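Content type mmCIF, C-alpha atoms and all ligand atoms, from the file coords-v3.cif:
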```
data_final
#
loop_
_atom_site.label_atom_id
_atom_site.label_comp_id
_atom_site.auth_asym_id
_atom_site.auth_seq_id
_atom_site.Cartn_x
_atom_site.Cartn_y
_atom_site.Cartn_z
CA MET C 1 49.36 4.82 -130.53
CA LYS C 2 46.31 6.98 -131.13
CA VAL C 3 46.85 10.71 -131.56
CA ASP C 4 44.32 13.48 -132.00
CA LEU C 5 45.52 16.67 -133.64
CA THR C 6 43.73 19.62 -135.14
CA VAL C 7 45.44 20.64 -138.35
CA ASN C 8 44.36 23.89 -139.99
CA GLY C 9 41.09 23.64 -138.08
CA THR C 10 40.38 20.04 -139.04
CA PRO C 11 40.43 17.38 -136.31
CA ILE C 12 42.50 14.37 -137.35
CA SER C 13 42.75 11.16 -135.33
CA ALA C 14 45.14 8.41 -136.33
CA ASP C 15 47.03 5.40 -135.07
CA VAL C 16 50.70 6.14 -135.60
CA GLU C 17 54.06 4.78 -134.55
CA ASP C 18 55.25 6.22 -131.26
CA ARG C 19 58.30 7.61 -133.03
CA MET C 20 56.41 9.40 -135.82
CA LEU C 21 57.57 12.99 -136.20
CA LEU C 22 55.07 15.78 -136.49
CA VAL C 23 56.38 16.69 -139.95
CA HIS C 24 55.60 13.17 -141.15
CA PHE C 25 52.15 13.38 -139.62
CA VAL C 26 51.53 16.64 -141.45
CA ARG C 27 52.81 15.35 -144.78
CA ASP C 28 51.78 11.70 -144.74
CA VAL C 29 48.70 11.55 -142.52
CA ALA C 30 47.18 15.00 -143.05
CA ASN C 31 48.41 14.96 -146.68
CA LEU C 32 49.62 18.56 -146.46
CA THR C 33 52.86 18.50 -148.40
CA ALA C 34 53.79 22.18 -148.50
CA THR C 35 55.74 21.72 -145.28
CA ASN C 36 59.15 20.57 -146.44
CA ILE C 37 61.89 18.39 -145.00
CA GLY C 38 65.28 19.87 -145.79
CA CYS C 39 67.63 18.15 -143.35
CA ASP C 40 67.74 15.55 -140.65
CA THR C 41 69.64 17.67 -138.16
CA THR C 42 67.11 20.29 -136.96
CA SER C 43 69.04 22.84 -138.94
CA CYS C 44 67.12 24.15 -141.92
CA GLY C 45 63.69 25.17 -140.62
CA ALA C 46 61.93 24.15 -143.83
CA CYS C 47 59.57 22.11 -141.67
CA THR C 48 58.40 25.02 -139.51
CA VAL C 49 54.72 25.03 -138.55
CA LEU C 50 52.72 26.65 -135.76
CA LEU C 51 51.92 24.60 -132.66
CA ASP C 52 49.22 26.42 -130.72
CA GLY C 53 50.37 29.57 -132.49
CA GLU C 54 54.08 29.20 -131.74
CA SER C 55 56.52 28.32 -134.50
CA VAL C 56 58.24 24.96 -134.11
CA LYS C 57 60.44 22.84 -136.31
CA SER C 58 58.08 19.95 -136.87
CA CYS C 59 60.95 17.51 -137.37
CA THR C 60 61.85 18.02 -133.71
CA VAL C 61 58.38 17.30 -132.33
CA LEU C 62 56.74 13.90 -132.09
CA ALA C 63 53.20 13.61 -133.39
CA ALA C 64 52.37 12.19 -129.97
CA GLN C 65 53.64 15.38 -128.30
CA ALA C 66 51.34 17.41 -130.52
CA SER C 67 48.30 15.31 -129.69
CA GLY C 68 45.54 17.48 -128.30
CA HIS C 69 47.06 20.60 -129.85
CA GLU C 70 46.40 22.85 -132.85
CA ILE C 71 48.74 22.81 -135.81
CA THR C 72 48.77 25.45 -138.51
CA THR C 73 50.65 24.87 -141.75
CA VAL C 74 51.17 27.28 -144.60
CA GLU C 75 48.12 25.76 -146.32
CA GLY C 76 46.02 27.03 -143.41
CA LEU C 77 46.97 30.69 -143.65
CA ALA C 78 44.81 31.85 -146.53
CA SER C 79 41.16 32.49 -145.83
CA ASP C 80 38.51 32.13 -148.54
CA GLY C 81 41.23 32.29 -151.17
CA VAL C 82 42.71 35.50 -149.76
CA MET C 83 46.37 35.26 -148.92
CA HIS C 84 47.62 36.07 -145.44
CA PRO C 85 49.43 39.45 -145.43
CA VAL C 86 52.78 37.69 -145.04
CA GLN C 87 52.06 35.44 -148.03
CA ARG C 88 50.95 38.45 -150.07
CA ALA C 89 54.07 40.39 -149.16
CA PHE C 90 56.31 37.48 -150.19
CA HIS C 91 54.42 37.27 -153.48
CA GLU C 92 54.44 40.99 -154.22
CA GLN C 93 58.03 41.60 -153.16
CA HIS C 94 59.61 38.50 -154.64
CA GLY C 95 60.55 36.97 -151.31
CA LEU C 96 61.62 33.67 -152.80
CA GLN C 97 63.51 32.01 -155.58
CA CYS C 98 63.24 28.22 -155.56
CA GLY C 99 60.62 28.37 -152.81
CA PHE C 100 61.84 25.39 -150.82
CA CYS C 101 62.37 27.38 -147.61
CA THR C 102 59.33 29.57 -148.15
CA PRO C 103 56.65 27.65 -146.22
CA GLY C 104 58.88 27.54 -143.16
CA MET C 105 59.99 31.12 -143.65
CA VAL C 106 56.39 32.32 -143.91
CA MET C 107 55.31 30.42 -140.80
CA ALA C 108 58.25 31.75 -138.80
CA ALA C 109 57.40 35.26 -139.99
CA VAL C 110 53.76 34.86 -138.99
CA SER C 111 54.85 33.76 -135.52
CA LEU C 112 57.37 36.59 -135.28
CA LEU C 113 54.81 39.24 -136.22
CA ALA C 114 52.26 37.79 -133.82
CA ASP C 115 54.75 38.29 -131.01
CA ASN C 116 56.14 41.59 -132.30
CA PRO C 117 53.90 43.40 -134.81
CA SER C 118 56.49 46.12 -135.47
CA PRO C 119 59.91 44.51 -135.53
CA THR C 120 63.06 46.32 -136.56
CA GLU C 121 65.04 44.88 -139.45
CA GLN C 122 67.44 43.38 -136.92
CA GLN C 123 64.56 41.77 -135.04
CA VAL C 124 63.23 40.30 -138.29
CA ARG C 125 66.65 38.85 -139.02
CA GLU C 126 66.90 37.41 -135.52
CA GLY C 127 63.35 36.06 -135.67
CA LEU C 128 64.07 34.19 -138.88
CA GLU C 129 67.58 33.02 -138.08
CA GLY C 130 66.45 29.42 -137.59
CA ILE C 131 65.30 29.16 -141.19
CA LEU C 132 67.94 28.70 -143.87
CA CYS C 133 67.62 29.90 -147.45
CA ARG C 134 70.12 28.86 -150.05
CA CYS C 135 68.87 31.21 -152.76
CA THR C 136 67.92 34.74 -151.85
CA GLY C 137 70.72 36.02 -149.67
CA TYR C 138 67.97 37.08 -147.20
CA PRO C 139 67.35 40.78 -148.05
CA ASN C 140 64.48 39.71 -150.30
CA ILE C 141 62.99 37.83 -147.36
CA VAL C 142 63.52 40.49 -144.70
CA ARG C 143 61.88 43.13 -146.89
CA PRO C 144 58.44 41.49 -147.27
CA VAL C 145 58.36 40.49 -143.62
CA SER C 146 58.96 44.11 -142.67
CA ALA C 147 56.32 45.20 -145.18
CA ALA C 148 53.80 42.81 -143.68
CA ALA C 149 54.45 44.07 -140.16
CA GLY C 150 51.32 45.63 -138.81
CA LYS C 151 49.14 44.14 -141.52
CA ALA C 152 49.53 40.58 -140.24
CA ALA C 153 47.74 41.08 -136.96
CA ALA C 154 44.92 42.93 -138.68
CA GLY C 155 44.71 40.25 -141.33
CA GLN C 156 44.55 37.50 -138.75
CA ALA C 157 41.75 39.25 -136.91
CA ALA C 158 39.80 39.82 -140.12
CA ALA C 159 40.31 36.25 -141.26
CA GLY C 160 39.39 34.78 -137.90
CA GLN C 161 42.49 32.60 -137.75
CA GLY C 162 41.91 31.22 -134.28
CA GLY C 163 44.94 28.95 -134.32
CA VAL C 164 47.41 31.78 -134.62
CA THR C 165 48.04 34.09 -131.74
CA ALA C 166 47.62 37.68 -132.93
S1 LIG Q 201 63.66 19.43 -141.77
FE1 LIG Q 201 65.36 20.75 -141.39
S2 LIG Q 201 64.91 21.62 -139.45
FE2 LIG Q 201 63.24 20.27 -139.80
S1 LIG Q 202 64.11 30.43 -151.91
FE1 LIG Q 202 65.37 28.68 -152.33
S2 LIG Q 202 65.94 27.96 -150.37
FE2 LIG Q 202 64.96 29.85 -149.97
#
```
Go through the file and emit its structure as structure tokens.
Amino acid sequence: MKVDLTVNGTPISADVEDRMLLVHFVRDVANLTATNIGCDTTSCGACTVLLDGESVKSCTVLAAQASGHEITTVEGLASDGVMHPVQRAFHEQHGLQCGFCTPGMVMAAVSLLADNPSPTEQQVREGLEGILCRCTGYPNIVRPVSAAAGKAAAGQAAAGQGGVTA
């Protein structure tokens, strides 16, 4: 079937199998491979992207369901080579070890801060609970997300990221 998605601002039309998952569309059709696949049970959140600004696990969404909608992956966050505030905070505050969960973690954090620009530590933890990290023990992830709070919305506005609700 034919699907029409906009991925990181680029319209992409393709004929795909009805059963194709959004994560496979992102990785194999759009050729954006930062979005990872870490399970086949909707458990890990490594595949998290934004669908019209809301975070979704892209292994639980069919490409066909996303047709006509805007997808943002971690590759679409930076603007003119300038990292999104959440990306910068992860970089500056060592919010990762192996990095496998990081694209999903960053996208979930961007969505969280769009909905709640000033979350408490508990709200950050709850907002990210769908994303699993096997390395950091989580404090190193909660800290940069809290540090980016407040800066993310401003950064989005400055960068003109239309696909992400600020
Ligand atoms: S790949 Fe694990 S939740 Fe999507
Ligand atoms: S940094 Fe390794 S899984 Fe999170």
- Message: Given all atoms listed in the file as the basis, pick out the residue of C:Ala78, C:Met83, C:Ala149, C:Val110 nearest to Val56 (chain C).
- Response: C:Val110
Need the axis-aligned box for ligand LIG 201 (chain Q) with 4 Å each side, so what are the centre and edges in Å to one decimal, as AutoDock Vina command-line options?
```
--center_x 64.3 --center_y 20.5 --center_z -140.6 --size_x 10.1 --size_y 10.2 --size_z 10.3
```
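Restricting the calculation to only C-alpha atoms, the smallest distance between Ile37 (chain C) and any of C:Leu50, C:Gly104, C:Gln93, C:Asp15 is found for C:Gly104.
CA of Asn36 (chain C) is positioned 21.7 Å from CA of Val124 (chain C).
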- Pick from C:Gly127, C:Gly53, C:Gly45, C:Pro119, whichever lies nearest to ligand LIG 202 (chain Q) using all atoms listed in the file: C:Gly45
If you take only C-alpha atoms and all ligand atoms and a cut-off of 9 Å, which residues of chain C touch ligand LIG 201 (chain Q), and what are their nearest atom pairs and distances in Å to one decimal, in chain and number order, as CSV?
```
residue,atom,partner,partner_atom,distance
C:Val23,CA,Q:LIG201,FE2,7.7
C:Thr35,CA,Q:LIG201,S1,9.0
C:Asn36,CA,Q:LIG201,S1,6.6
C:Ile37,CA,Q:LIG201,S1,3.8
C:Gly38,CA,Q:LIG201,S1,4.4
C:Cys39,CA,Q:LIG201,FE1,4.0
C:Asp40,CA,Q:LIG201,S1,5.7
C:Thr41,CA,Q:LIG201,FE1,6.2
C:Thr42,CA,Q:LIG201,S2,3.6
C:Ser43,CA,Q:LIG201,S2,4.3
C:Cys44,CA,Q:LIG201,FE1,3.9
C:Gly45,CA,Q:LIG201,S2,3.9
C:Ala46,CA,Q:LIG201,FE1,5.4
C:Cys47,CA,Q:LIG201,FE2,4.5
C:Thr48,CA,Q:LIG201,FE2,6.8
C:Val56,CA,Q:LIG201,FE2,8.9
C:Lys57,CA,Q:LIG201,FE2,5.2
C:Ser58,CA,Q:LIG201,FE2,5.9
C:Cys59,CA,Q:LIG201,FE2,4.3
C:Thr60,CA,Q:LIG201,FE2,6.6
C:Gly130,CA,Q:LIG201,S2,8.2
C:Ile131,CA,Q:LIG201,S2,7.7
C:Leu132,CA,Q:LIG201,FE1,8.7
```
- Query: Within 10 Å of ligand LIG 202 (chain Q), counting all atoms listed in the file, which protein or nucleic acid residues do you find, written as a list in words?
  - Reply: Gly38, Cys44, Ala46, His94, Gly95, Leu96, Gln97, Cys98, Gly99, Phe100, Cys101, Thr102, Pro103, Gly104, Met105, Ile131, Leu132, Cys133, Arg134, Cys135, Thr136, Gly137, Tyr138, Asn140 and Ile141 of chain C
- Task: Enter the distance from CA of Asp18 (chain C) to CA of Ala30 (chain C), in Å, rounded to one decimal.
- Result: 16.8 Å
- Rank C:Ala89, C:Leu32, C:Val142, C:Ala63 by their smallest atom-to-atom distance to Ser13 (chain C), using only C-alpha atoms, and report the top residue only. C:Ala63
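One finds CA of Pro85 (chain C) at 11.7 Å from CA of Met107 (chain C).
Closest approach to Phe90 (chain C) from the set C:Leu113, C:Ala147, C:Val26, C:Met1 is made by C:Ala147, with distances taken over all atoms listed in the file.
Among C:Lys2, C:Val16, C:Lys151, C:Pro144, the residue with the shortest atom-to-atom distance to Asn116 (chain C), counting only C-alpha atoms, is C:Lys151.
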